[in-house]
>>> print(open('query.cif').read())   # mmCIF, C-alpha atoms
data_protein
loop_
_atom_site.label_atom_id
_atom_site.label_comp_id
_atom_site.auth_asym_id
_atom_site.auth_seq_id
_atom_site.Cartn_x
_atom_site.Cartn_y
_atom_site.Cartn_z
CA MET E 194 30.18 -33.09 9.14
CA ILE E 195 32.46 -31.36 11.67
CA VAL E 196 30.12 -28.35 11.74
CA LEU E 197 27.06 -30.54 12.29
CA ASN E 198 28.76 -32.70 14.90
CA SER E 199 30.29 -29.76 16.80
CA LEU E 200 27.59 -27.08 16.65
CA PHE E 201 24.26 -28.87 16.27
CA PRO E 202 24.21 -30.26 19.87
CA ILE E 203 25.05 -26.82 21.26
CA PHE E 204 22.32 -24.95 19.43
CA VAL E 205 19.81 -27.72 20.22
CA LEU E 206 20.46 -27.16 23.94
CA LEU E 207 20.23 -23.38 23.52
CA LEU E 208 16.89 -23.83 21.75
CA LEU E 209 15.78 -26.29 24.43
CA GLY E 210 16.57 -23.73 27.14
CA TRP E 211 14.55 -21.08 25.29
CA GLY E 212 11.65 -23.49 24.76
CA LEU E 213 11.57 -24.63 28.39
CA LYS E 214 11.39 -21.00 29.52
CA LYS E 215 8.60 -20.22 27.03
CA ARG E 216 6.61 -23.24 28.23
CA GLY E 217 7.02 -22.21 31.87
CA LEU E 218 9.05 -25.29 32.81
CA THR E 219 11.86 -22.97 33.94
CA ASP E 220 11.64 -19.43 35.26
CA ASP E 221 13.90 -16.51 36.19
CA ALA E 222 14.50 -17.83 39.72
CA PHE E 223 15.57 -21.24 38.39
CA LEU E 224 17.88 -19.66 35.81
CA ARG E 225 19.49 -17.40 38.43
CA ASN E 226 20.20 -20.35 40.72
CA ALA E 227 21.43 -22.43 37.79
CA ASP E 228 23.81 -19.64 36.77
CA ARG E 229 25.22 -19.49 40.30
CA LEU E 230 25.73 -23.27 40.43
CA ILE E 231 27.42 -23.26 37.02
CA TYR E 232 29.63 -20.25 37.71
CA TYR E 233 30.72 -21.09 41.25
CA PHE E 234 30.77 -24.89 41.25
CA PHE E 235 30.19 -27.04 38.15
CA PHE E 236 32.22 -25.10 35.57
CA PRO E 237 35.34 -24.44 37.70
CA ILE E 238 35.43 -28.14 38.60
CA MET E 239 35.12 -29.12 34.94
CA LEU E 240 37.94 -26.75 33.94
CA PHE E 241 40.13 -28.07 36.78
CA TRP E 242 39.46 -31.67 35.71
CA LYS E 243 40.06 -31.11 31.99
CA ILE E 244 43.20 -28.99 32.45
CA GLY E 245 44.54 -30.91 35.47
CA GLY E 246 44.65 -34.16 33.53
CA ALA E 247 46.38 -32.60 30.50
CA SER E 248 50.10 -32.66 29.82
CA PHE E 249 52.20 -29.51 30.08
CA GLU E 250 55.50 -31.16 29.16
CA LYS E 251 56.16 -28.50 26.50
CA GLY E 252 55.19 -25.66 28.84
CA ILE E 253 52.84 -22.77 28.04
CA ASP E 254 52.79 -21.52 24.46
CA TRP E 255 53.56 -17.86 25.19
CA ASN E 256 53.38 -16.82 21.53
CA PHE E 257 49.80 -18.12 21.44
CA CYS E 258 48.86 -16.22 24.61
CA PHE E 259 50.57 -12.98 23.61
CA ALA E 260 49.14 -12.98 20.08
CA SER E 261 45.63 -13.58 21.45
CA LEU E 262 45.90 -10.73 23.96
CA CYS E 263 47.24 -8.41 21.24
CA ALA E 264 44.15 -9.19 19.15
CA LEU E 265 41.84 -8.41 22.09
CA LEU E 266 43.67 -5.15 22.79
CA THR E 267 43.37 -4.16 19.12
CA MET E 268 39.63 -4.84 19.13
CA PHE E 269 39.19 -2.85 22.35
CA VAL E 270 40.91 0.17 20.79
CA LEU E 271 38.86 -0.21 17.59
CA SER E 272 35.61 -0.37 19.61
CA ILE E 273 36.47 2.97 21.23
CA LEU E 274 37.25 4.48 17.81
CA VAL E 275 33.90 3.24 16.47
CA ILE E 276 32.13 4.79 19.48
CA LYS E 277 33.76 8.13 18.70
CA LEU E 278 33.37 8.01 14.91
CA CYS E 279 29.75 6.81 14.97
CA ARG E 280 28.88 9.13 17.88
CA ILE E 281 27.35 6.33 19.89
CA PRO E 282 25.56 7.82 22.93
CA VAL E 283 27.42 7.72 26.24
CA PHE E 284 24.70 5.58 27.82
CA LYS E 285 25.18 2.87 25.16
CA ALA E 286 28.98 3.09 24.80
CA GLY E 287 29.98 0.68 27.58
CA SER E 288 27.56 -2.03 26.49
CA PHE E 289 28.58 -1.62 22.84
CA SER E 290 32.30 -1.82 23.55
CA GLN E 291 31.94 -5.00 25.65
CA SER E 292 29.90 -6.63 22.88
CA CYS E 293 32.90 -6.34 20.56
CA TYR E 294 35.31 -8.48 22.60
CA ARG E 295 33.65 -10.28 25.54
CA PHE E 296 33.27 -14.00 24.84
CA ASN E 297 30.93 -16.75 26.05
CA THR E 298 33.14 -19.21 27.94
CA TYR E 299 30.48 -21.91 28.19
CA ILE E 300 29.80 -22.07 24.46
CA GLY E 301 33.57 -21.96 23.85
CA VAL E 302 34.21 -25.01 26.00
CA ALA E 303 31.33 -26.89 24.37
CA VAL E 304 32.54 -26.17 20.81
CA ILE E 305 36.17 -27.01 21.59
CA LEU E 306 35.29 -30.22 23.43
CA ASN E 307 33.13 -31.38 20.50
CA SER E 308 35.66 -30.44 17.82
CA LEU E 309 39.14 -30.64 19.39
CA GLY E 310 38.75 -32.71 22.55
CA ALA E 311 40.37 -32.42 25.97
CA GLU E 312 43.73 -31.29 24.55
CA GLY E 313 42.01 -28.26 23.05
CA ILE E 314 40.51 -27.40 26.44
CA LYS E 315 44.03 -27.18 27.86
CA TYR E 316 44.90 -24.33 25.51
CA PHE E 317 41.49 -22.70 25.95
CA GLY E 318 41.84 -22.80 29.73
CA ILE E 319 45.26 -21.14 29.59
CA LEU E 320 43.94 -18.48 27.22
CA ILE E 321 40.89 -17.52 29.26
CA GLY E 322 43.06 -17.39 32.39
CA PHE E 323 44.90 -14.48 30.75
CA ALA E 324 41.99 -13.04 28.75
CA ILE E 325 39.33 -12.69 31.47
CA PRO E 326 41.35 -10.27 33.65
CA LEU E 327 42.37 -8.16 30.63
CA ILE E 328 38.82 -8.01 29.28
CA ASN E 329 37.42 -6.99 32.65
CA VAL E 330 39.94 -4.14 32.83
CA PHE E 331 38.84 -3.03 29.34
CA ALA E 332 35.15 -3.23 30.28
CA VAL E 333 35.39 -1.42 33.62
CA THR E 334 37.62 1.30 32.14
CA THR E 335 35.16 1.93 29.30
CA LEU E 336 32.12 1.94 31.58
CA ILE E 337 33.78 4.42 33.92
CA TRP E 338 34.97 6.67 31.08
CA PHE E 339 31.55 6.79 29.40
CA SER E 340 29.50 6.75 32.59
CA GLY E 341 28.25 10.32 32.19
CA ARG E 342 28.44 10.89 35.94
CA GLU E 343 30.89 11.20 38.79
CA ILE E 344 32.18 7.81 39.87
CA ASP E 345 34.66 6.91 42.57
CA ILE E 346 37.21 5.36 40.20
CA SER E 347 39.35 3.85 42.94
CA LYS E 348 36.31 2.11 44.43
CA ARG E 349 35.22 0.75 41.05
CA MET E 350 38.72 -0.51 40.21
CA SER E 351 38.98 -2.07 43.67
CA MET E 352 35.67 -3.88 43.08
CA ALA E 353 36.89 -5.08 39.68
CA GLY E 354 40.18 -6.25 41.18
CA LYS E 355 38.43 -8.24 43.90
CA ALA E 356 36.10 -9.78 41.33
CA LEU E 357 39.07 -10.93 39.24
CA VAL E 358 41.00 -12.39 42.17
CA SER E 359 37.94 -14.37 43.24
CA ASN E 360 36.75 -15.32 39.72
CA PRO E 361 35.91 -19.07 39.95
CA LEU E 362 36.71 -19.73 36.28
CA ILE E 363 40.18 -18.21 36.60
CA LEU E 364 40.77 -20.09 39.87
CA GLY E 365 39.65 -23.36 38.25
CA CYS E 366 42.06 -22.83 35.32
CA LEU E 367 44.98 -21.87 37.57
CA ALA E 368 44.34 -24.82 39.89
CA GLY E 369 44.22 -27.14 36.88
CA ILE E 370 47.49 -25.78 35.46
CA GLY E 371 49.18 -26.14 38.86
CA TYR E 372 47.88 -29.67 39.38
CA SER E 373 48.89 -30.73 35.87
CA SER E 374 52.40 -29.37 36.37
CA LEU E 375 52.82 -31.14 39.73
CA VAL E 376 50.86 -34.37 39.21
CA GLY E 377 49.24 -34.57 35.75
CA TRP E 378 46.85 -37.45 36.38
CA PHE E 379 43.89 -38.41 38.61
CA PRO E 380 43.27 -41.72 40.39
CA VAL E 381 40.40 -43.57 38.70
CA PHE E 382 37.90 -43.03 41.52
CA ILE E 383 38.60 -39.27 41.60
CA ASN E 384 38.61 -39.03 37.82
CA ASN E 385 35.23 -40.78 37.65
CA SER E 386 33.80 -38.50 40.34
CA LEU E 387 35.01 -35.34 38.59
CA SER E 388 33.70 -36.72 35.29
CA LEU E 389 30.19 -37.20 36.72
CA ILE E 390 30.17 -33.72 38.27
CA SER E 391 31.41 -32.19 35.02
CA MET E 392 28.67 -33.87 33.01
CA VAL E 393 26.20 -31.44 34.57
CA ALA E 394 28.15 -28.29 33.64
CA LEU E 395 27.75 -27.89 29.88
CA PRO E 396 24.11 -29.00 29.41
CA LEU E 397 22.94 -26.87 32.33
CA ALA E 398 25.02 -23.88 31.16
CA LEU E 399 23.65 -24.04 27.60
CA ILE E 400 20.05 -24.50 28.77
CA SER E 401 20.51 -21.53 31.09
CA ILE E 402 21.90 -19.36 28.28
CA GLY E 403 18.99 -20.34 26.02
CA GLY E 404 16.48 -19.54 28.74
CA SER E 405 17.97 -16.11 29.33
CA LEU E 406 17.78 -15.06 25.65
CA THR E 407 15.10 -12.44 25.09
CA PHE E 408 14.18 -10.72 21.83
CA ALA E 409 12.31 -7.84 23.48
CA GLY E 410 14.96 -5.16 22.95
CA VAL E 411 16.39 -6.33 19.61
CA ARG E 412 14.22 -4.17 17.32
CA GLY E 413 15.14 -0.91 19.07
CA ASN E 414 18.87 -1.73 19.06
CA LEU E 415 19.19 -3.73 15.85
CA GLY E 416 21.69 -1.40 14.12
CA LEU E 417 24.19 -1.15 16.99
CA SER E 418 23.76 -4.82 17.89
CA PHE E 419 24.49 -5.88 14.33
CA LEU E 420 27.53 -3.57 14.17
CA ALA E 421 28.89 -5.00 17.44
CA ALA E 422 28.23 -8.57 16.28
CA SER E 423 30.01 -7.86 12.98
CA LEU E 424 33.07 -6.55 14.79
CA LYS E 425 33.05 -9.48 17.23
CA LEU E 426 32.33 -12.32 14.81
CA LEU E 427 33.94 -11.08 11.57
CA LEU E 428 36.67 -8.56 12.33
CA LEU E 429 38.05 -10.05 15.56
CA PRO E 430 38.78 -13.48 13.99
CA GLY E 431 40.55 -11.66 11.14
CA ILE E 432 42.64 -9.65 13.60
CA GLY E 433 43.41 -12.83 15.53
CA TRP E 434 44.49 -14.57 12.33
CA PHE E 435 46.87 -11.69 11.59
CA PHE E 436 48.53 -11.83 15.01
CA PHE E 437 48.80 -15.63 14.91
CA TYR E 438 50.56 -15.31 11.55
CA LEU E 439 52.80 -12.58 12.99
CA PHE E 440 53.78 -14.70 16.02
CA ASN E 441 53.95 -17.98 14.08
CA VAL E 442 51.13 -19.68 15.99
CA THR E 443 50.15 -22.93 14.26
CA GLY E 444 48.55 -26.30 14.92
CA LEU E 445 46.12 -26.89 17.77
CA PRO E 446 46.69 -23.49 19.48
CA PHE E 447 45.83 -21.79 16.16
CA LYS E 448 42.54 -23.70 15.91
CA VAL E 449 41.62 -23.04 19.56
CA GLY E 450 42.41 -19.35 19.17
CA LEU E 451 40.26 -18.87 16.08
CA ILE E 452 37.31 -20.60 17.75
CA PHE E 453 37.87 -18.31 20.75
CA PHE E 454 37.70 -15.19 18.54
CA ALA E 455 34.53 -16.40 16.76
CA LEU E 456 32.54 -16.97 19.97
CA PRO E 457 29.37 -14.97 20.68
CA ALA E 458 29.23 -12.18 23.25
CA SER E 459 29.08 -13.12 26.92
CA THR E 460 25.98 -12.77 29.09
CA ALA E 461 28.27 -11.02 31.58
CA ILE E 462 27.84 -7.87 29.45
CA TYR E 463 24.30 -7.48 30.78
CA VAL E 464 25.35 -7.92 34.42
CA LEU E 465 28.20 -5.40 34.30
CA SER E 466 26.16 -2.89 32.28
CA SER E 467 23.36 -2.98 34.85
CA GLN E 468 25.83 -2.44 37.69
CA MET E 469 27.60 0.50 36.06
CA ASN E 470 24.83 2.57 34.46
CA SER E 471 25.01 1.42 30.84
CA ASP E 472 22.26 0.33 28.41
CA THR E 473 21.04 -3.14 29.40
CA ASP E 474 18.61 -3.28 26.44
CA LEU E 475 21.53 -2.90 24.03
CA ALA E 476 23.52 -5.46 26.03
CA SER E 477 20.68 -7.98 25.86
CA SER E 478 20.13 -7.33 22.15
CA ALA E 479 23.84 -7.74 21.35
CA ILE E 480 24.01 -11.03 23.27
CA VAL E 481 21.00 -12.47 21.43
CA LEU E 482 22.14 -11.36 17.97
CA SER E 483 25.75 -12.48 18.36
CA THR E 484 24.63 -15.85 19.77
CA LEU E 485 22.43 -16.47 16.71
CA LEU E 486 25.03 -15.21 14.21
CA SER E 487 27.87 -17.13 15.87
CA PHE E 488 26.54 -20.28 14.19
CA PHE E 489 27.91 -18.89 10.92
CA SER E 490 31.22 -17.57 12.30
CA LEU E 491 31.94 -20.80 14.16
CA SER E 492 30.91 -22.88 11.14
CA PHE E 493 33.35 -20.97 8.95
CA ILE E 494 36.21 -21.42 11.42
CA LEU E 495 35.51 -25.14 11.85
CA LEU E 496 35.53 -25.65 8.08
CA LEU E 497 38.96 -24.06 7.67
#
>>> encode(input="query.cif", output="structure tokens")
Amino acid sequence: MIVLNSLFPIFVLLLLGWGLKKRGLTDDAFLRNADRLIYYFFFPIMLFWKIGGASFEKGIDWNFCFASLCALLTMFVLSILVIKLCRIPVFKAGSFSQSCYRFNTYIGVAVILNSLGAEGIKYFGILIGFAIPLINVFAVTTLIWFSGREIDISKRMSMAGKALVSNPLILGCLAGIGYSSLVGWFPVFINNSLSLISMVALPLALISIGGSLTFAGVRGNLGLSFLAASLKLLLLPGIGWFFFYLFNVTGLPFKVGLIFFALPASTAIYVLSSQMNSDTDLASSAIVLSTLLSFFSLSFILLL
């Protein structure tokens, strides 16, 4: 029942988002504005509220964080090796590499809230606070290296650095950690206000993701998309399991980490690929395929 209770509501909302777009009840302009509201306002507030009200009496589990980052680094290196060994074209390399390790934060929060509750969000928030900067460095480095043209590297890295410093999700997590360490609770009237605001975040995010899914480019990129999804949803959880065993990560952090590794690819792959001259059709195809296949990877992890 844990699979049904945790995943069914999420995939219903994804399907609802897709159906609303097909019926013309939402459109690209609505989805763009919804994404901006989610990214800059609703989701950071939800992360701040969930993490800010959690207890950090035992401090940050550094073994959990370090093991998770080691797994991501390993997958990044493996994605580059696969690009070389399979002779993936330069134009597709950046999108392919990102599809192997970028994760969908919104689906992650939804799954962890449904299965592990607010305490699980605390660990997830800490993890993504470390993971998002590292993953963006991986992505920008790969896109520059396989760009196939002259690029002002210092300008690109400066842009990436500014994007990280101003990332609302990271800021929401850091603010929540700071508030929890200093205060650790919210007055009832503030808690209720943040709760109402946060109620908008997940449904709107999942509907927006569903509405943005398109199957147009899947057929032409099925092989590479499936390879990327296999690395992301099968190999990465196995690598994560190995590092958690190595660093003796157990209990709730272990469960949160494995869900994190089994998440589908992020829609941010498409945005960054379009900005830095990589294959957006492959990016879109990889997002769609990994989102659909993540039902099985997440189901397996939840059943463990």
>>> resolve_selection(input="query.cif", expression="the PyMOL selection byres ((chain E and resi 439) around 12)", output="ChimeraX atom specification")
/E:256-257,259-261,263-264,432-438,440-443,447
>>> atom_distance(input="query.cif", atom1="CA of Ala222 (chain E)", atom2="CA of Met239 (chain E)")
24.0 Å
>>> residues_around(input="query.cif", residues="Leu395 (chain E)", least_positions_apart="5", cutoff="12 Å", atoms="all atoms listed in the file", output="NGL selection string")
:E and (202-203 or 206-207 or 227-228 or 230-232 or 235-240 or 298-307 or 388-390 or 400-402)
>>> residues_around(input="query.cif", residues="Ser478 (chain E)", least_positions_apart="6", cutoff="10 Å", atoms="all atoms listed in the file", output="list of chain:residue names")
E:Ser292, E:Leu406, E:Thr407, E:Phe408, E:Ala409, E:Gly410, E:Val411, E:Arg412, E:Gly413, E:Asn414, E:Leu415, E:Leu417, E:Ser418, E:Phe419, E:Tyr463, E:Thr484
>>> atom_distance(input="query.cif", atom1="CA of Lys448 (chain E)", atom2="CA of Leu495 (chain E)")
8.2 Å
>>> atom_distance(input="query.cif", atom1="CA of Asn329 (chain E)", atom2="CA of Trp211 (chain E)")
27.9 Å
>>> decode(input="query.cif", residues="region 420-437 of chain E", atoms="N, CA and C atoms", output="PDB file, in the first residue's frame")
ATOM      1  N   LEU E 420      18.788   4.985 -22.475  1.00  0.00           N
ATOM      2  CA  LEU E 420      20.097   4.766 -21.849  1.00  0.00           C
ATOM      3  C   LEU E 420      20.284   5.720 -20.670  1.00  0.00           C
ATOM      4  N   ALA E 421      19.959   7.003 -20.871  1.00  0.00           N
ATOM      5  CA  ALA E 421      20.092   7.992 -19.800  1.00  0.00           C
ATOM      6  C   ALA E 421      19.169   7.655 -18.628  1.00  0.00           C
ATOM      7  N   ALA E 422      17.925   7.258 -18.945  1.00  0.00           N
ATOM      8  CA  ALA E 422      16.971   6.902 -17.892  1.00  0.00           C
ATOM      9  C   ALA E 422      17.439   5.674 -17.116  1.00  0.00           C
ATOM     10  N   SER E 423      18.056   4.719 -17.812  1.00  0.00           N
ATOM     11  CA  SER E 423      18.570   3.519 -17.141  1.00  0.00           C
ATOM     12  C   SER E 423      19.691   3.873 -16.177  1.00  0.00           C
ATOM     13  N   LEU E 424      20.592   4.753 -16.614  1.00  0.00           N
ATOM     14  CA  LEU E 424      21.681   5.184 -15.741  1.00  0.00           C
ATOM     15  C   LEU E 424      21.140   5.955 -14.540  1.00  0.00           C
ATOM     16  N   LYS E 425      20.152   6.818 -14.788  1.00  0.00           N
ATOM     17  CA  LYS E 425      19.605   7.655 -13.715  1.00  0.00           C
ATOM     18  C   LYS E 425      18.780   6.851 -12.720  1.00  0.00           C
ATOM     19  N   LEU E 426      17.932   5.960 -13.224  1.00  0.00           N
ATOM     20  CA  LEU E 426      16.943   5.302 -12.369  1.00  0.00           C
ATOM     21  C   LEU E 426      17.367   3.924 -11.862  1.00  0.00           C
ATOM     22  N   LEU E 427      18.343   3.303 -12.532  1.00  0.00           N
ATOM     23  CA  LEU E 427      18.812   1.977 -12.109  1.00  0.00           C
ATOM     24  C   LEU E 427      20.207   2.026 -11.499  1.00  0.00           C
ATOM     25  N   LEU E 428      21.152   2.609 -12.247  1.00  0.00           N
ATOM     26  CA  LEU E 428      22.542   2.593 -11.791  1.00  0.00           C
ATOM     27  C   LEU E 428      22.793   3.566 -10.643  1.00  0.00           C
ATOM     28  N   LEU E 429      22.260   4.785 -10.742  1.00  0.00           N
ATOM     29  CA  LEU E 429      22.514   5.776  -9.692  1.00  0.00           C
ATOM     30  C   LEU E 429      22.018   5.320  -8.317  1.00  0.00           C
ATOM     31  N   PRO E 430      20.805   4.747  -8.190  1.00  0.00           N
ATOM     32  CA  PRO E 430      20.419   4.218  -6.865  1.00  0.00           C
ATOM     33  C   PRO E 430      21.363   3.130  -6.355  1.00  0.00           C
ATOM     34  N   GLY E 431      21.877   2.299  -7.278  1.00  0.00           N
ATOM     35  CA  GLY E 431      22.845   1.274  -6.868  1.00  0.00           C
ATOM     36  C   GLY E 431      24.146   1.887  -6.378  1.00  0.00           C
ATOM     37  N   ILE E 432      24.620   2.913  -7.067  1.00  0.00           N
ATOM     38  CA  ILE E 432      25.835   3.615  -6.637  1.00  0.00           C
ATOM     39  C   ILE E 432      25.603   4.286  -5.288  1.00  0.00           C
ATOM     40  N   GLY E 433      24.427   4.903  -5.141  1.00  0.00           N
ATOM     41  CA  GLY E 433      24.095   5.544  -3.863  1.00  0.00           C
ATOM     42  C   GLY E 433      24.058   4.550  -2.717  1.00  0.00           C
ATOM     43  N   TRP E 434      23.476   3.397  -2.985  1.00  0.00           N
ATOM     44  CA  TRP E 434      23.422   2.328  -1.967  1.00  0.00           C
ATOM     45  C   TRP E 434      24.846   1.944  -1.529  1.00  0.00           C
ATOM     46  N   PHE E 435      25.745   1.810  -2.494  1.00  0.00           N
ATOM     47  CA  PHE E 435      27.121   1.443  -2.186  1.00  0.00           C
ATOM     48  C   PHE E 435      27.786   2.479  -1.278  1.00  0.00           C
ATOM     49  N   PHE E 436      27.633   3.752  -1.605  1.00  0.00           N
ATOM     50  CA  PHE E 436      28.277   4.797  -0.794  1.00  0.00           C
ATOM     51  C   PHE E 436      27.620   4.925   0.576  1.00  0.00           C
ATOM     52  N   PHE E 437      26.313   4.707   0.658  1.00  0.00           N
ATOM     53  CA  PHE E 437      25.662   4.728   1.968  1.00  0.00           C
ATOM     54  C   PHE E 437      26.181   3.585   2.843  1.00  0.00           C
TER      55      PHE E 437
END
